[in-house]
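Participant: Provided herewith is a single structure, encoded as structure tokens, for subsequent inquiry.
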Amino acid sequence: MEREWEKWEDKHKGMFDPVLRNHDTIGLLAMDKEGNIAGGVSTSGWANKMPGRVGDSPIIGAALYVDNEVGAACATGLGENVIKTAGSFLVVEKMREGYSPLEACKIAVNRLKKIHSKEKNHQVAYIALNKNGEHAGYSYKNGFEYAVVTNNSSQLIQAAFLNK
Ligand code: GLY
């Protein structure tokens, strides 16, 4: 079965790459008027995955981590690398240490450097929200945007990134 999958994958190179196809995990972080934080993530919708592959979405601390005392983070991109670094957990733990959401996301993306640079074209991005309602997004590569919606506004923000 794996062999068949590899043959198929060779023939359709890049066709279902989540970066090239521009679809991946959808993450949502929310704060209510009392300051309680919640979060959720979808699966990536990545077609023709290796049978049995488990992405980062269902793994607590990988694509999503919420601690209502500190804040929350979620990830999108190549799930294997998010899992290897317990990425969202790392972001929240860095906010617990006092880092801003942006600094915490940068630390988690930098943690990917060694393992991620071997996989050209792949992306990982984080968004984070702390108890003060401060938020940030940061990605490995250019091109990640996140939306911020409040009672009075809605905006799409181009996230800062590590590599061109
Ligand atoms: N980030 C989604 C996945 O890798 O499955």
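Residues in the structure tokens are numbered from 1 in each chain, the chains being A, B, ... in the order shown, and ligands are numbered from 1 in the order shown.
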Can you tell me, as an MDAnalysis selection string, what residues are no more than 12 Å from Ser117 in chain A when counting only C-alpha atoms, ignoring any on the same chain fewer than 2 positions away?

Facilitator: chainID A and resid 78 81 109:115 119:124 140:141 162:164

Participant: At a cut-off of 7 Å around ligand 1, and using only C-alpha atoms and all ligand atoms, what residues come up? Please write them as number ranges by chain.

Facilitator: A: 24-25, 43-44, 46, 54-57, 63, 76-80

Participant: Can you spit out the residues from that selection as a PDB file, in the first residue's frame, using N, CA, C and O atoms?

Facilitator:
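Okay, selection-v9.pdb is ready:
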ATOM      1  N   ASP A  24      -4.563  24.600   4.769  1.00  0.00           N
ATOM      2  CA  ASP A  24      -3.966  23.886   5.889  1.00  0.00           C
ATOM      3  C   ASP A  24      -4.877  24.050   7.098  1.00  0.00           C
ATOM      4  O   ASP A  24      -6.021  24.439   6.960  1.00  0.00           O
ATOM      5  N   THR A  25      -4.334  23.747   8.259  1.00  0.00           N
ATOM      6  CA  THR A  25      -5.108  23.839   9.493  1.00  0.00           C
ATOM      7  C   THR A  25      -5.666  25.249   9.676  1.00  0.00           C
ATOM      8  O   THR A  25      -4.954  26.233   9.486  1.00  0.00           O
ATOM      9  N   THR A  43      -8.689  20.053  11.075  1.00  0.00           N
ATOM     10  CA  THR A  43      -7.599  19.291  10.470  1.00  0.00           C
ATOM     11  C   THR A  43      -7.188  20.038   9.211  1.00  0.00           C
ATOM     12  O   THR A  43      -7.854  20.974   8.797  1.00  0.00           O
ATOM     13  N   SER A  44      -6.116  19.617   8.591  1.00  0.00           N
ATOM     14  CA  SER A  44      -5.600  20.391   7.453  1.00  0.00           C
ATOM     15  C   SER A  44      -6.410  20.189   6.179  1.00  0.00           C
ATOM     16  O   SER A  44      -6.376  21.030   5.292  1.00  0.00           O
ATOM     17  N   TRP A  46      -5.556  17.950   4.170  1.00  0.00           N
ATOM     18  CA  TRP A  46      -4.474  17.541   3.280  1.00  0.00           C
ATOM     19  C   TRP A  46      -4.882  16.235   2.595  1.00  0.00           C
ATOM     20  O   TRP A  46      -5.027  15.206   3.258  1.00  0.00           O
ATOM     21  N   VAL A  54      -0.914  10.886  11.396  1.00  0.00           N
ATOM     22  CA  VAL A  54      -1.637  11.751  12.328  1.00  0.00           C
ATOM     23  C   VAL A  54      -0.966  13.107  12.283  1.00  0.00           C
ATOM     24  O   VAL A  54       0.231  13.212  12.505  1.00  0.00           O
ATOM     25  N   GLY A  55      -1.704  14.113  11.963  1.00  0.00           N
ATOM     26  CA  GLY A  55      -1.145  15.467  11.913  1.00  0.00           C
ATOM     27  C   GLY A  55      -1.050  16.064  13.303  1.00  0.00           C
ATOM     28  O   GLY A  55      -1.223  15.384  14.320  1.00  0.00           O
ATOM     29  N   ASP A  56      -0.784  17.343  13.337  1.00  0.00           N
ATOM     30  CA  ASP A  56      -0.608  18.025  14.629  1.00  0.00           C
ATOM     31  C   ASP A  56      -1.932  18.469  15.252  1.00  0.00           C
ATOM     32  O   ASP A  56      -1.998  18.742  16.447  1.00  0.00           O
ATOM     33  N   SER A  57      -3.009  18.515  14.450  1.00  0.00           N
ATOM     34  CA  SER A  57      -4.280  19.048  14.961  1.00  0.00           C
ATOM     35  C   SER A  57      -4.844  18.295  16.168  1.00  0.00           C
ATOM     36  O   SER A  57      -5.306  18.933  17.116  1.00  0.00           O
ATOM     37  N   ALA A  63      -0.668  21.518  17.591  1.00  0.00           N
ATOM     38  CA  ALA A  63      -1.334  22.583  16.822  1.00  0.00           C
ATOM     39  C   ALA A  63      -2.146  23.529  17.698  1.00  0.00           C
ATOM     40  O   ALA A  63      -2.540  24.601  17.244  1.00  0.00           O
ATOM     41  N   THR A  76      -0.274  26.369  12.154  1.00  0.00           N
ATOM     42  CA  THR A  76      -0.657  25.821  10.864  1.00  0.00           C
ATOM     43  C   THR A  76       0.635  25.520  10.112  1.00  0.00           C
ATOM     44  O   THR A  76       1.687  26.073  10.425  1.00  0.00           O
ATOM     45  N   GLY A  77       0.567  24.612   9.176  1.00  0.00           N
ATOM     46  CA  GLY A  77       1.766  24.258   8.419  1.00  0.00           C
ATOM     47  C   GLY A  77       2.115  22.795   8.575  1.00  0.00           C
ATOM     48  O   GLY A  77       1.249  21.974   8.905  1.00  0.00           O
ATOM     49  N   LEU A  78       3.376  22.487   8.361  1.00  0.00           N
ATOM     50  CA  LEU A  78       3.820  21.092   8.348  1.00  0.00           C
ATOM     51  C   LEU A  78       3.751  20.491   9.757  1.00  0.00           C
ATOM     52  O   LEU A  78       4.593  20.754  10.618  1.00  0.00           O
ATOM     53  N   GLY A  79       2.705  19.678   9.965  1.00  0.00           N
ATOM     54  CA  GLY A  79       2.393  19.176  11.296  1.00  0.00           C
ATOM     55  C   GLY A  79       3.509  18.392  11.947  1.00  0.00           C
ATOM     56  O   GLY A  79       3.697  18.489  13.169  1.00  0.00           O
ATOM     57  N   GLU A  80       4.267  17.629  11.160  1.00  0.00           N
ATOM     58  CA  GLU A  80       5.347  16.831  11.743  1.00  0.00           C
ATOM     59  C   GLU A  80       6.313  17.724  12.532  1.00  0.00           C
ATOM     60  O   GLU A  80       6.763  17.375  13.623  1.00  0.00           O
TER      61      GLU A  80
END

Participant: As an MDAnalysis selection string, please: every residue in range 10-138 of chain A that DSSP puts in strand (DSSP E).

Facilitator: chainID A and resid 27:31 37:41 64:67 71:77 124:130 135:138

Participant: As a VMD selection string, please: every residue in chain A that DSSP puts in alpha helix (DSSP H).

Facilitator: chain A and resid 2 to 11 79 to 84 87 to 96 101 to 111 113 to 116

Participant: Go through A:Ala104, A:Leu129, A:Ala62, A:Ala73 and flag the residue nearest Thr85 in chain A, using only C-alpha atoms for the distances.

Facilitator: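 The closest residue to Thr85 in chain A is A:Ala62.
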
Participant: Which is closer to Gly71 in chain A than all the others in A:Arg53, A:Lys131, A:Lys118, A:Lys94, using only C-alpha atoms?

Facilitator: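 Once distances to Gly71 in chain A are computed over only C-alpha atoms, the minimum belongs to A:Lys131.
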
Participant: For a quick check of understanding, using only C-alpha atoms, which of A:Met31, A:Ile59, A:Ile107, A:Ala72 has the smallest distance to Ala86 in chain A?

Facilitator: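 Nearest to Ala86 in chain A: A:Ile59.
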
Participant: Identify, on the basis of only C-alpha atoms, every residue whose closest approach to Val149 in chain A does not exceed 12 Å; exclude the query and any residue fewer than 6 positions from it along the same chain; express the result as a list in words.

Facilitator: Leu28, Leu29, Ala30, Met31, Gly133, His135, Gln155, Leu156 and Ile157 of chain A

Participant: Write a file of the just-selected residues containing all heavy atoms, as a PDB file, in the first residue's frame.

Facilitator:
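The result, stored in selection_9.pdb:
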ATOM      1  N   LEU A  28      -8.282  28.932  15.589  1.00  0.00           N
ATOM      2  CA  LEU A  28      -9.102  30.027  16.107  1.00  0.00           C
ATOM      3  C   LEU A  28      -8.822  30.197  17.593  1.00  0.00           C
ATOM      4  O   LEU A  28      -8.899  29.231  18.351  1.00  0.00           O
ATOM      5  CB  LEU A  28     -10.582  29.671  15.902  1.00  0.00           C
ATOM      6  CG  LEU A  28     -11.608  30.678  16.380  1.00  0.00           C
ATOM      7  CD1 LEU A  28     -11.633  31.868  15.428  1.00  0.00           C
ATOM      8  CD2 LEU A  28     -12.988  30.042  16.430  1.00  0.00           C
ATOM      9  N   LEU A  29      -8.474  31.411  17.991  1.00  0.00           N
ATOM     10  CA  LEU A  29      -8.299  31.729  19.407  1.00  0.00           C
ATOM     11  C   LEU A  29      -9.299  32.823  19.744  1.00  0.00           C
ATOM     12  O   LEU A  29      -9.452  33.776  18.979  1.00  0.00           O
ATOM     13  CB  LEU A  29      -6.871  32.218  19.684  1.00  0.00           C
ATOM     14  CG  LEU A  29      -5.739  31.294  19.224  1.00  0.00           C
ATOM     15  CD1 LEU A  29      -4.382  31.944  19.486  1.00  0.00           C
ATOM     16  CD2 LEU A  29      -5.826  29.933  19.917  1.00  0.00           C
ATOM     17  N   ALA A  30      -9.973  32.687  20.870  1.00  0.00           N
ATOM     18  CA  ALA A  30     -11.022  33.660  21.200  1.00  0.00           C
ATOM     19  C   ALA A  30     -10.964  34.031  22.674  1.00  0.00           C
ATOM     20  O   ALA A  30     -10.532  33.230  23.517  1.00  0.00           O
ATOM     21  CB  ALA A  30     -12.392  33.050  20.882  1.00  0.00           C
ATOM     22  N   MET A  31     -11.395  35.266  22.941  1.00  0.00           N
ATOM     23  CA  MET A  31     -11.474  35.737  24.330  1.00  0.00           C
ATOM     24  C   MET A  31     -12.862  36.313  24.561  1.00  0.00           C
ATOM     25  O   MET A  31     -13.342  37.125  23.749  1.00  0.00           O
ATOM     26  CB  MET A  31     -10.409  36.803  24.579  1.00  0.00           C
ATOM     27  CG  MET A  31     -10.450  37.391  25.974  1.00  0.00           C
ATOM     28  SD  MET A  31      -9.187  38.652  26.182  1.00  0.00           S
ATOM     29  CE  MET A  31      -7.829  37.632  26.700  1.00  0.00           C
ATOM     30  N   GLY A 133      -5.184  40.300  26.023  1.00  0.00           N
ATOM     31  CA  GLY A 133      -5.800  40.487  24.707  1.00  0.00           C
ATOM     32  C   GLY A 133      -4.795  40.841  23.625  1.00  0.00           C
ATOM     33  O   GLY A 133      -5.166  41.144  22.492  1.00  0.00           O
ATOM     34  N   HIS A 135      -2.135  40.053  20.815  1.00  0.00           N
ATOM     35  CA  HIS A 135      -2.034  38.912  19.901  1.00  0.00           C
ATOM     36  C   HIS A 135      -0.901  39.128  18.920  1.00  0.00           C
ATOM     37  O   HIS A 135      -0.420  40.259  18.741  1.00  0.00           O
ATOM     38  CB  HIS A 135      -3.352  38.724  19.136  1.00  0.00           C
ATOM     39  CG  HIS A 135      -3.778  39.965  18.416  1.00  0.00           C
ATOM     40  ND1 HIS A 135      -3.246  40.329  17.212  1.00  0.00           N
ATOM     41  CD2 HIS A 135      -4.657  40.931  18.777  1.00  0.00           C
ATOM     42  CE1 HIS A 135      -3.794  41.467  16.836  1.00  0.00           C
ATOM     43  NE2 HIS A 135      -4.649  41.868  17.770  1.00  0.00           N
ATOM     44  N   GLN A 155      -9.836  42.859  10.784  1.00  0.00           N
ATOM     45  CA  GLN A 155      -8.708  43.147   9.905  1.00  0.00           C
ATOM     46  C   GLN A 155      -7.876  41.911   9.631  1.00  0.00           C
ATOM     47  O   GLN A 155      -7.824  40.993  10.459  1.00  0.00           O
ATOM     48  CB  GLN A 155      -7.845  44.276  10.484  1.00  0.00           C
ATOM     49  CG  GLN A 155      -7.205  43.950  11.807  1.00  0.00           C
ATOM     50  CD  GLN A 155      -6.367  45.109  12.332  1.00  0.00           C
ATOM     51  OE1 GLN A 155      -6.407  45.405  13.509  1.00  0.00           O
ATOM     52  NE2 GLN A 155      -5.604  45.746  11.484  1.00  0.00           N
ATOM     53  N   LEU A 156      -7.252  41.929   8.462  1.00  0.00           N
ATOM     54  CA  LEU A 156      -6.367  40.858   8.055  1.00  0.00           C
ATOM     55  C   LEU A 156      -4.944  41.382   8.246  1.00  0.00           C
ATOM     56  O   LEU A 156      -4.603  42.442   7.725  1.00  0.00           O
ATOM     57  CB  LEU A 156      -6.633  40.516   6.586  1.00  0.00           C
ATOM     58  CG  LEU A 156      -6.188  39.167   6.093  1.00  0.00           C
ATOM     59  CD1 LEU A 156      -6.787  38.039   6.921  1.00  0.00           C
ATOM     60  CD2 LEU A 156      -6.597  39.006   4.625  1.00  0.00           C
ATOM     61  N   ILE A 157      -4.142  40.629   9.000  1.00  0.00           N
ATOM     62  CA  ILE A 157      -2.795  41.099   9.325  1.00  0.00           C
ATOM     63  C   ILE A 157      -1.765  40.198   8.650  1.00  0.00           C
ATOM     64  O   ILE A 157      -1.836  38.973   8.746  1.00  0.00           O
ATOM     65  CB  ILE A 157      -2.581  41.094  10.857  1.00  0.00           C
ATOM     66  CG1 ILE A 157      -3.566  42.079  11.496  1.00  0.00           C
ATOM     67  CG2 ILE A 157      -1.141  41.437  11.210  1.00  0.00           C
ATOM     68  CD1 ILE A 157      -3.553  42.098  12.996  1.00  0.00           C
TER      69      ILE A 157
END

Participant: Please measure the separation of CA of Ala125 in chain A and CA of Leu64 in chain A, giving the value in Å to one decimal.

Facilitator: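 That distance, rounded to one decimal, is 11.9 Å.
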